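Single-structure report; data block below.
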Number of protein chains: 4
Amino acid sequence: MTTTADHSTTIAYESEVRSYSRGWPTTFTHAKGSTLTAEDGREYTDFFAGAGTMNYGHNHPELKKVVIDHFLEDRLVHGLDMFTDVRSQFLETFNNLILEPRDLDYKVAFPGPGGANAVEAALKLARKVTGRESVVNFTNAFHGMTLGALSVTGNSLKRGGAGIPLVHATPMPFDDYFGQIVPDFMYLERLLTDGGSGLNKPAAVIVETVQGEGGINAARAEWLRGLSELCTKHGILLIIDDIQMGCGRTGGFFSFEEAGIKPDMVTLSKSISGYGMPLALTLMKPELDIWEPGEHNGTFRGFAPAFASGTKAFELFWSDDELEKSTIAKGAYIESRFNQIAARYADDHELLVKGRGLARGLGMPSGDLAGKVTTRAFEEGLLVETSGPDDEVVKLLPALTIPEDQLRDGLDIIENAVDEALTA
Amino acid sequence: MTTTADHSTTIAYESEVRSYSRGWPTTFTHAKGSTLTAEDGREYTDFFAGAGTMNYGHNHPELKKVVIDHFLEDRLVHGLDMFTDVRSQFLETFNNLILEPRDLDYKVAFPGPGGANAVEAALKLARKVTGRESVVNFTNAFHGMTLGALSVTGNSLKRGGAGIPLVHATPMPFDDYFGQIVPDFMYLERLLTDGGSGLNKPAAVIVETVQGEGGINAARAEWLRGLSELCTKHGILLIIDDIQMGCGRTGGFFSFEEAGIKPDMVTLSKSISGYGMPLALTLMKPELDIWEPGEHNGTFRGFAPAFASGTKAFELFWSDDELEKSTIAKGAYIESRFNQIAARYADDHELLVKGRGLARGLGMPSGDLAGKVTTRAFEEGLLVETSGPDDEVVKLLPALTIPEDQLRDGLDIIENAVDEALTA
Amino acid sequence: MTTTADHSTTIAYESEVRSYSRGWPTTFTHAKGSTLTAEDGREYTDFFAGAGTMNYGHNHPELKKVVIDHFLEDRLVHGLDMFTDVRSQFLETFNNLILEPRDLDYKVAFPGPGGANAVEAALKLARKVTGRESVVNFTNAFHGMTLGALSVTGNSLKRGGAGIPLVHATPMPFDDYFGQIVPDFMYLERLLTDGGSGLNKPAAVIVETVQGEGGINAARAEWLRGLSELCTKHGILLIIDDIQMGCGRTGGFFSFEEAGIKPDMVTLSKSISGYGMPLALTLMKPELDIWEPGEHNGTFRGFAPAFASGTKAFELFWSDDELEKSTIAKGAYIESRFNQIAARYADDHELLVKGRGLARGLGMPSGDLAGKVTTRAFEEGLLVETSGPDDEVVKLLPALTIPEDQLRDGLDIIENAVDEALTA
Amino acid sequence: MTTTADHSTTIAYESEVRSYSRGWPTTFTHAKGSTLTAEDGREYTDFFAGAGTMNYGHNHPELKKVVIDHFLEDRLVHGLDMFTDVRSQFLETFNNLILEPRDLDYKVAFPGPGGANAVEAALKLARKVTGRESVVNFTNAFHGMTLGALSVTGNSLKRGGAGIPLVHATPMPFDDYFGQIVPDFMYLERLLTDGGSGLNKPAAVIVETVQGEGGINAARAEWLRGLSELCTKHGILLIIDDIQMGCGRTGGFFSFEEAGIKPDMVTLSKSISGYGMPLALTLMKPELDIWEPGEHNGTFRGFAPAFASGTKAFELFWSDDELEKSTIAKGAYIESRFNQIAARYADDHELLVKGRGLARGLGMPSGDLAGKVTTRAFEEGLLVETSGPDDEVVKLLPALTIPEDQLRDGLDIIENAVDEALTA
């Protein structure tokens with residue numbers, strides 16, 4: 001069939017809710033590693049990686065082989081949650097290469113194809129286990145767009161889209177929300193211990209170790225440890241949402257490893273298949289696995305090619321600590337570049353250097369200025385987005401596998417764009 | 001890597017929430033058309049089709065070629081909602097082959113990878129458009145497991161899993177819920193017109209034309225028309241959830257075509273990619289498309305290989321009415337076989353012959369007996385599940401493309417299994 | 001102090017929410033029996049009795065003596081829920097004259113000064129006892145204006161005033177809501193037994209035996225028995241709201257006596273003090289009394305003069321069955337008069353003759369016509385209000401002690417007003 | 001009728017929810033000024049005043065005359081919200097003596113007989129005016145026991161009694177909740193200005209100037225001014241709940257006068273009738289009075305004897321500033337006595353001296369010790385209760401009219417009881 005489809009087709013037929021296509025008005029067709037190619041042949045460096053979905057780069061050749069073989073051999077593609085060889089292999093490999101070496105013991109639920117499903121399942125189970133309804137979330141959290149996940153998300157535009165009051169969640173200040181003015185958890189702890197506080201005792205606390213959508217806010221390891229201890233002390237379940245920050249984004253496979261904590265539940269998605277394929281996991285300590293069979297289910301709970309590529313990705317990237325080391329090194333490089341930029345403008349502007357591992361942010365004085373940076377970057381062939389409550393943070397989530405020179409060149413583009421924005 | 005993974009691996013590592021693997025305790029590896037192959041080489045006829053996801057059969061060769069080419073050519077796999085060539089082609093083809101010929105005018109949102117996302121987006125938009133919170137759903141409805149979708153789902157086990165009171169929905173009797181005792185919509189209409197009824201005026205009515213999980217309950221065309229008229233009269237939006245019954249399951253592409261209605265919103269997923277890949281659509285009349293950019297979003301809103309295979313599936317199956325005709329013919333064949341079975345036992349049992357198109361059910365006297373049928377069928381190499389509030393309906397969702405002899409053989413197995421169950 | 005206060009003062013200073021003063025724009029000063037006197041000396045016959053609060057007439061001389069003595073002797077007026085002699089006497093007399101002769105065994109809570117407090121307390125206790133949140137209420141129910149009570153009230157204007165979605169209640173059809181088309185409780189019973197119905201299993205059913213605000217809809221005794229049996233069968237608590245219909249309004253002290261049922265909880269207020277003083281009771285079967293001390297409390301839980309007058313009222317009116325007999329006789333008289341009126345207009349209008357005991361209604365063809373009747377009645381010196389979803393029912397709640405000639409004269413006024421309204 | 005009713009009767013028939021009768025196990029019969037008399041003739045000094053309901057003492061002779069005359073003359077007792085002479089006089093006098101001299105302009109709603117009704121009405125109106133659902137309340141707040149009022153109340157025992165999740169309210173730290181560690185409103189202001197905070201924008205803030213049930217926590221005037229400014233800045237309505245602290249309890253008629261603020265709404269009840277009779281008011285700025293007629297209503301919205309006594313109380317106590325001065329002087333006396341006690345034990349215990357005007361508290365080291373004080377006080381003939389989240393505060397709410405020597409003698413009893421408790 002001959003098609004005339006181009007931008008205008010999508011603009012004509014797709015809902016106004018579309019978002020990324022507004023900032024990057026070109027049609028992409030191919031991708032390889034950290035490079036995307038548009039219909040007009042133009043190449044773009046990807047500092048965005050599918051919002052953290054493409055941690056191992058686009059179309060990694062060894063993963064690609066596994067995926068194509070899966071299809072070529074007429075292996076089962078869709079099997080709900082039936083036993084399949086790839087499901088078993090995925091679970092075994094995840095256990096052998098990821099959980100056991102980190103001394104973690106979790107049962108795995110496949111709650112549906114996307115991260116919001118993983119969050120919904122975790123919240124449901126936390127409520128079932130504790131018999132409580134309320135959840136504590138944090139300022140500038142992002143956990144997803146379905147009603148359960150949205151109720152623990154901070155963004156007011158997205159919350160407003162619900163059309164019903166979002167209840168059952170009480171926001172608490174994330175790490176460093178007030179600088180160093182107040183002791184960590186002062187408010188939360190007091191509310192929990194004061195029988196007259198009016199806080200419904202929560203079933204769970206849900207938290208990201210680094211808030212991606214919230215502006216690349218990285219919690220300190222001691223803050224996470226304090227939170228974990230607080231939860232234990234008060235019999236509240238700790239859910240780490242590692243959908244964007246897991247799978248090596250901050251260095252270790254789990255973003256909470258550095259803090260040395262063992263959350264009660266963990267959500268994973270995005271890069272878990274390694275190939276951009278929809279897959280999500282909810283991990284829970286075995287004693288919390290009180291689900292009835294089928295009490296939570298869904299059609300796309302186990303996309304088989306995603307199991308195959310995910311298993312291979314565990315083997316490729318998590319059999320040793322090479323990736324972790326290089327992630328930390330690349331992260332440090334970005335940090336040093338950002339520090340240089342910030343230092344240069346320190347007299348006139350406070351540019352915030354934010355993040356951990358390869359989740360990095362440069363906080364600009366305003367959303368407007370940050371937007372100028374990303375717009376200019378796009379013109380120069382670099383895909384980078386903003387985040388934060390006012391879209392004021394230039395947010396870098398490059399593939400962990402990005403070549404050093406491509407990383408450097410991308411940072412050069414950002415540096416120039418910042419220069420232009422601040423000296424205009 | 002050598003793996004020793006088998007059933008026991010999955011049993012050891014997966015949450016107790018797993019369901020299908022309990023009834024079909026074998027490990028599947030390959031699939032082709034309507035046949036699944038297990039690790040031990042045994043073949044099974046599939047009367048289940050991924051709960052309606054594999055309407056065109058497993059690994060259809062022409063779709064397979066499109067998918068493999070997509071991967072081979074290093075085309076973009078994951079691009080959130082950026083402009084891509086395959087997204088535009090999908091939208092154009094959907095419009096040209098599906099919407100326009102049916103005189104339907106909808107904007108398309110890609111709300112996330114699964115059906116629940118499509119339902120969540122539809123409910124959010126309905127609430128935003130109307131400024132009302134409440135929704136009318138129907139007895140034995142199934143719309144998904146995220147909180148918004150679950151609140152309009154009937155099943156009490158699944159509702160109980162929420163751990164919070166599910167509010168904002170009022171269940172109304174589905175078609176034929178009371179036989180012919182009461183006029184259609186008597187209760188709903190009275191509640192809507194009585195200012196003292198206590199019913200919160202609903203933003204929307206959400207309904208399946210044939211309730212799959214609810215027990216293959218098919219609404220009559222006139223009931224659907226009546227519902228549509230009632231909604232129009234009272235300024236309530238009509239959402240047809242066509243996730244399981246759309247994509248040709250009942251004959252026409254949309255299950256509501258037969259009734260001649262034009263819903264305000266439609267949800268699609270399952271077979272929309274044609275290849276078992278996670279993809280979901282929320283269709284809305286253009287005047288309802290008042291979303292702000294990004295007000296609803298998500299990571300897996302546009303899995304590119306699914307666009308490619310979905311586009312090809314439109315072309316293969318919906319360029320003419322061959323598939324529709326054969327679906328209706330095969331459905332009629334099942335109905336006749338079921339009628340024969342029912343007639344044979346009419347003196348002792350009332351077996352209900354249910355459904356429309358290739359969504360067919362045989363209502364057994366009890367869930368226990370229906371379970372005996374499906375267990376026996378599995379032993380004989382046939383995959384068929386039950387549904388209904390007591391799992392009392394043997395539920396057939398074969399691929400629309402199933403060969404006639406394979407359909408006949410499968411029905412023979414069911415017939416024997418029913419005989420065994422009822423004469424034991 | 002000299003005051004110039006009159007209507008205009010109240011109009012200037014009181015909120016627009018005021019209601020009764022709109023239909024009866026005169027200033028009342030004195031009252032005796034069934035006669036109210038206005039500032040201008042004009043006398044009005046009271047067919048309204050404080051919406052059922054003055055069942056024994058205004059300022060009954062023997063009750064008056066008890067009340068004045070209470071004040072004269074400097075007896076405690078306000079004592080929260082401390083032990084007082086009048087509290088003990090009230091409880092003992094209530095038990096001896098009301099509960100024991102009817103073979104009823106209830107513990108008594110004083111939940112606050114008004115009927116809504118009694119409803120709130122009953123709903124809270126029902127939820128605590130059962131661990132469920134949902135409640136079944138009925139079309140055109142009225143239970144009060146605080147959030148808990150309002151959520152089980154039908155009127156859409158009043159519900160709209162909440163400003164939040166009122167959830168946790170599902171309205172079911174009251175007796176005769178559909179004429180004789182459907183069997184009693186067909187819908188409720190089906191929803192309760194169908195595990196896929198989507199009805200949250202209710203903690204309680206709350207119901208009025210005769211819906212006063214809803215339009216003087218009297219449930220049949222067999223309907224109430226059926227409801228009681230249904231509740232017992234399904235482990236749901238039955239709450240009879242007897243705030244308006246108790247204290248002899250329908251004949252017996254409790255309006256449910258006629259049906260021979262024993263509800264799990266009963267709410268009482270309005271005429272319980274016998275003198276128009278704020279007092280409310282929540283009765284519960286002893287085994288349901290699982291409150292913690294102070295778990296529900298309030299400032300005005302025991303207005304002592306109300307205990308004194310209430311005790312005296314039990315002695316005066318409930319030591320024998322004289323009042324019950326006369327109430328039934330007077331009710332029958334109203335019914336016969338209404339039947340005559342209805343018969344006269346039967347060719348042109350269907351006037352509905354409604355009610356039980358001295359809760360009586362004449363259903364007019366429209367709210368407009370019913371309003372004409374009450375406006376004309378006011379001009380002729382009769383206070384009578386309307387009720388029903390469209391204010392279409394002329395609602396009679398005269399004092400049970402109204403003299404027969406005053407009752408007759410009042411009915412003459414209504415008859416003339418109806419004539420005028422229907423022949424205008 | 002001869003009655004044998006005594007304690008045991010009440011214990012046998014009343015629900016276990018009873019509370020005050022547990023701490024003060026004697027039967028009270030008469031009251032005069034600040035003295036209560038029990039059945040056995042024993043007299044008790046009242047440092048409790050009906051939880052702030054008897055600000056002018058029990059059975060004040062001039063109010064008593066007005067009340068008895070009302071009954072003697074057969075004046076209307078119960079008239080819903082019809083125009084009555086006493087209603088107009090009450091409104092006029094309230095306006096002339098209370099509102100105008102303080103340059104306040106409010107419309108008055110009579111929302112029902114008790115304080116919770118006033119809170120429910122205020123919250124409903126705030127939601128209607130703003131179109132928002134959420135409310136900000138404060139730690140250790142107490143606003144009542146009906147669902148709307150309970151949702152903004154802090155006490156976990158009382159919240160737990162609801163049996164449903166109490167949502168729509170977010171607790172914020174009351175003044176001095178963290179000592180001087182954090183700037184006032186730091187958290188609330190940040191949540192309001194941060195579009196990603198996750199706080200649903202509130203319709204209203206509801207606050208007590210002195211938290212009575214919460215432990216006699218007095219907010220500073222500058223804190224109240226800051227709160228008022230914050231609300232104005234963000235378009236949030238400020239509701240002062242003056243049910244316990246209004247009517248002169250802290251000196252001025254309204255407890256917020258000292259801060260110089262003008263709340264958008266004010267709730268009043270308890271002492272508003274001056275005689276322990278159920279009456280409640282919701283005041284609202286005229287521009288907020290957007291109620292529909294009857295949108296909020298209730299049976300006991302205007303107990304006429306309460307209007308009469310309330311009007312007289314305005315004239316007696318609020319025609320000049322004598323009461324205000326003496327209240328402040330008596331309060332200062334209590335404070336000085338408490339300071340002496342605290343100083344004596346400063347080496348071993350931190351006794352907190354709390355409160356403002358005649359709302360005073362002595363914070364003991366534990367609820368157990370505070371309970372010992374009140375138990376001993378009862379034995380010595382003094383009624384005084386505890387409050388605070390752990391019942392650790394000895395709470396003094398004596399009548400404003402208490403004679404100085406009776407106040408002194410009562411404080412002597414407390415001082416001795418504290419000595420006993422702390423030196424035991």
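To be explicit about the labels: the chains of the structure tokens are called A, B, and onward in the order shown, and within each one the residues are counted from 1, while ligands get numbers from 1 in the order they are shown.
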query = Which residues of chain C are close to chain B, meaning at most 6 Å apart when you count only C-alpha atoms, and how do they look as an MDAnalysis selection string?
reply = chainID C and resid 139:140 154:156 167 171 195:198 389
Would you mind exporting C-alpha atoms of the selected residues as a PDB file, in the first residue's frame?
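Contents of part.pdb, as written:
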ATOM      1  CA  THR C 139     -34.944   6.429  45.955  1.00  0.00           C
ATOM      2  CA  ASN C 140     -36.359   9.627  47.431  1.00  0.00           C
ATOM      3  CA  GLY C 154     -31.869  11.334  47.421  1.00  0.00           C
ATOM      4  CA  ASN C 155     -32.704  14.937  46.692  1.00  0.00           C
ATOM      5  CA  SER C 156     -30.402  16.251  43.980  1.00  0.00           C
ATOM      6  CA  VAL C 167     -20.116   8.164  47.443  1.00  0.00           C
ATOM      7  CA  PRO C 171     -29.847   3.851  45.670  1.00  0.00           C
ATOM      8  CA  GLY C 195     -20.526 -12.045  42.553  1.00  0.00           C
ATOM      9  CA  GLY C 196     -20.016 -10.066  39.368  1.00  0.00           C
ATOM     10  CA  SER C 197     -22.650  -7.425  39.966  1.00  0.00           C
ATOM     11  CA  GLY C 198     -20.271  -4.654  40.866  1.00  0.00           C
ATOM     12  CA  PRO C 389     -39.109  15.163  44.162  1.00  0.00           C
TER      13      PRO C 389
END
request  = Could you give me, as number ranges by chain, the residues within 10 Å of Phe94 (chain A), counting only C-alpha atoms and dropping anything in the same chain fewer than 2 positions from it?
outcome  = A: 88-92, 96-100, 108, 310-311, 314-315, 318; B: 13
Shell around region 111-126 of chain D at 6 Å using only C-alpha atoms, local window under 3 positions removed, as a list in words = Thr146, Ala162 and Gly163 of chain C; Val129, Gly144, Gly148, Ala149, Ala203, Thr267, Ser269, Pro278, Leu279, Ala280, Leu281, Thr282, Gly298, Phe300 and Arg301 of chain D
Give me a file of those residues, with C-alpha atoms, as a PDB file, in the first residue's frame.
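Everything below was put into again-v2.pdb:
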ATOM      1  CA  THR C 146     -24.416  16.390  57.248  1.00  0.00           C
ATOM      2  CA  ALA C 162     -22.179  18.944  49.341  1.00  0.00           C
ATOM      3  CA  GLY C 163     -19.558  20.225  46.944  1.00  0.00           C
TER       4      GLY C 163
ATOM      5  CA  VAL D 129     -18.096  28.799  46.272  1.00  0.00           C
ATOM      6  CA  GLY D 144     -17.004  17.578  65.299  1.00  0.00           C
ATOM      7  CA  GLY D 148     -17.684  16.240  57.109  1.00  0.00           C
ATOM      8  CA  ALA D 149     -16.543  17.651  60.440  1.00  0.00           C
ATOM      9  CA  ALA D 203     -11.274  25.237  48.996  1.00  0.00           C
ATOM     10  CA  THR D 267     -18.714  28.939  63.147  1.00  0.00           C
ATOM     11  CA  SER D 269     -22.298  27.294  68.890  1.00  0.00           C
ATOM     12  CA  PRO D 278     -28.581  23.798  71.313  1.00  0.00           C
ATOM     13  CA  LEU D 279     -27.996  26.522  68.764  1.00  0.00           C
ATOM     14  CA  ALA D 280     -25.378  27.007  66.091  1.00  0.00           C
ATOM     15  CA  LEU D 281     -24.447  29.718  63.611  1.00  0.00           C
ATOM     16  CA  THR D 282     -22.414  29.777  60.449  1.00  0.00           C
ATOM     17  CA  GLY D 298     -32.608  20.862  59.247  1.00  0.00           C
ATOM     18  CA  PHE D 300     -33.683  22.232  64.798  1.00  0.00           C
ATOM     19  CA  ARG D 301     -32.292  25.290  63.037  1.00  0.00           C
TER      20      ARG D 301
END
Shell around Ala377 (chain C) at 9 Å using only C-alpha atoms, local window under 2 positions removed, as a PyMOL selection string = chain C and resi 372-375+379-384+410+413-414+416-417
Preceding selection exported with N, CA, C and O atoms as a PDB file, in the first residue's frame:
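Dumped everything to result_1.pdb:
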ATOM      1  N   LYS C 372     -49.814  25.902  44.527  1.00  0.00           N
ATOM      2  CA  LYS C 372     -51.009  26.747  44.577  1.00  0.00           C
ATOM      3  C   LYS C 372     -51.885  26.377  45.761  1.00  0.00           C
ATOM      4  O   LYS C 372     -52.478  27.233  46.420  1.00  0.00           O
ATOM      5  N   VAL C 373     -51.981  25.090  46.039  1.00  0.00           N
ATOM      6  CA  VAL C 373     -52.809  24.633  47.157  1.00  0.00           C
ATOM      7  C   VAL C 373     -52.247  25.149  48.478  1.00  0.00           C
ATOM      8  O   VAL C 373     -52.975  25.696  49.315  1.00  0.00           O
ATOM      9  N   THR C 374     -50.943  25.007  48.689  1.00  0.00           N
ATOM     10  CA  THR C 374     -50.393  25.404  49.990  1.00  0.00           C
ATOM     11  C   THR C 374     -50.380  26.930  50.135  1.00  0.00           C
ATOM     12  O   THR C 374     -50.575  27.448  51.234  1.00  0.00           O
ATOM     13  N   THR C 375     -50.196  27.635  49.042  1.00  0.00           N
ATOM     14  CA  THR C 375     -50.234  29.100  49.109  1.00  0.00           C
ATOM     15  C   THR C 375     -51.634  29.579  49.484  1.00  0.00           C
ATOM     16  O   THR C 375     -51.820  30.448  50.338  1.00  0.00           O
ATOM     17  N   GLU C 379     -53.102  31.510  52.922  1.00  0.00           N
ATOM     18  CA  GLU C 379     -53.974  32.689  52.923  1.00  0.00           C
ATOM     19  C   GLU C 379     -55.220  32.463  53.772  1.00  0.00           C
ATOM     20  O   GLU C 379     -55.755  33.382  54.387  1.00  0.00           O
ATOM     21  N   GLU C 380     -55.662  31.204  53.800  1.00  0.00           N
ATOM     22  CA  GLU C 380     -56.869  30.874  54.563  1.00  0.00           C
ATOM     23  C   GLU C 380     -56.549  30.478  56.001  1.00  0.00           C
ATOM     24  O   GLU C 380     -57.422  30.024  56.737  1.00  0.00           O
ATOM     25  N   GLY C 381     -55.273  30.601  56.378  1.00  0.00           N
ATOM     26  CA  GLY C 381     -54.942  30.333  57.776  1.00  0.00           C
ATOM     27  C   GLY C 381     -54.564  28.900  58.069  1.00  0.00           C
ATOM     28  O   GLY C 381     -54.755  28.421  59.189  1.00  0.00           O
ATOM     29  N   LEU C 382     -54.013  28.212  57.099  1.00  0.00           N
ATOM     30  CA  LEU C 382     -53.594  26.822  57.308  1.00  0.00           C
ATOM     31  C   LEU C 382     -52.138  26.653  56.863  1.00  0.00           C
ATOM     32  O   LEU C 382     -51.782  27.014  55.744  1.00  0.00           O
ATOM     33  N   LEU C 383     -51.353  26.084  57.752  1.00  0.00           N
ATOM     34  CA  LEU C 383     -49.949  25.809  57.417  1.00  0.00           C
ATOM     35  C   LEU C 383     -49.825  24.366  56.968  1.00  0.00           C
ATOM     36  O   LEU C 383     -50.050  23.436  57.739  1.00  0.00           O
ATOM     37  N   VAL C 384     -49.456  24.203  55.716  1.00  0.00           N
ATOM     38  CA  VAL C 384     -49.261  22.854  55.178  1.00  0.00           C
ATOM     39  C   VAL C 384     -48.172  22.956  54.122  1.00  0.00           C
ATOM     40  O   VAL C 384     -48.105  23.953  53.388  1.00  0.00           O
ATOM     41  N   GLY C 410     -59.424  22.277  58.652  1.00  0.00           N
ATOM     42  CA  GLY C 410     -58.216  22.377  57.847  1.00  0.00           C
ATOM     43  C   GLY C 410     -58.383  21.635  56.525  1.00  0.00           C
ATOM     44  O   GLY C 410     -57.966  22.112  55.458  1.00  0.00           O
ATOM     45  N   ILE C 413     -60.308  23.611  54.094  1.00  0.00           N
ATOM     46  CA  ILE C 413     -59.477  24.611  53.409  1.00  0.00           C
ATOM     47  C   ILE C 413     -58.700  23.965  52.260  1.00  0.00           C
ATOM     48  O   ILE C 413     -58.632  24.497  51.147  1.00  0.00           O
ATOM     49  N   ILE C 414     -58.120  22.794  52.541  1.00  0.00           N
ATOM     50  CA  ILE C 414     -57.371  22.109  51.481  1.00  0.00           C
ATOM     51  C   ILE C 414     -58.294  21.749  50.325  1.00  0.00           C
ATOM     52  O   ILE C 414     -57.961  21.961  49.148  1.00  0.00           O
ATOM     53  N   ASN C 416     -61.014  23.140  49.330  1.00  0.00           N
ATOM     54  CA  ASN C 416     -61.314  24.332  48.528  1.00  0.00           C
ATOM     55  C   ASN C 416     -60.110  24.765  47.697  1.00  0.00           C
ATOM     56  O   ASN C 416     -60.257  25.160  46.537  1.00  0.00           O
ATOM     57  N   ALA C 417     -58.942  24.684  48.295  1.00  0.00           N
ATOM     58  CA  ALA C 417     -57.738  25.113  47.585  1.00  0.00           C
ATOM     59  C   ALA C 417     -57.461  24.206  46.393  1.00  0.00           C
ATOM     60  O   ALA C 417     -57.040  24.662  45.324  1.00  0.00           O
TER      61      ALA C 417
END
ask   = Quick one: residues within 12 Å of Leu227 (chain D), only C-alpha atoms counted, chain neighbours fewer than 6 positions away excluded, as a ChimeraX atom specification?
value = /D:136-138,172-175,184-186,188-189,204-209,219-221,233-234,236-240,256,259,261-263
query = How many Å separate CA of His30 (chain C) from CA of Asp81 (chain D)?
reply =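 Pair CA of His30 (chain C) / CA of Asp81 (chain D) returns 14.8 Å.
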inquiry  = One number please: CA of Ser273 (chain B) to CA of Glu62 (chain A), in Å, one decimal.
reply    = 25.2 Å
key: Every residue of region 174-295 of chain A that DSSP places in helix (DSSP H, G or I), as a ChimeraX atom specification   = /A:186-193,221-234,257-259,270-273,286-288
task = Could you check how far CA of Arg249 (chain B) sits from CA of Ala359 (chain B), in Å to one decimal?
result =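 Separating CA of Arg249 (chain B) from CA of Ala359 (chain B) is a distance of 6.5 Å.
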key: strand (DSSP E or B) per DSSP on the backbone: members of region 223-337 of chain A, as a ChimeraX atom specification   = /A:237-241,265-268,281-284,303
task = Pick out the residues sitting within 6 Å of region 327-330 of chain D, and hand them over as number ranges by chain; count only C-alpha atoms, and ignore anything fewer than 4 positions along from it in its own chain.
result = D: 251, 323, 357, 400
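Distances here use only C-alpha atoms; by that measure, the residue among D:Gly302, D:Ala49, D:Ile216, D:Thr27 closest to Leu76 (chain D) is D:Gly302.
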task = Quick one: everything within 8 Å of Lys395 (chain B), counting only C-alpha atoms, minus sequence neighbours fewer than 2 positions away in the same chain. Send it as number ranges by chain.
result = B: 48, 212, 215-216, 359-362, 384-387, 393, 397
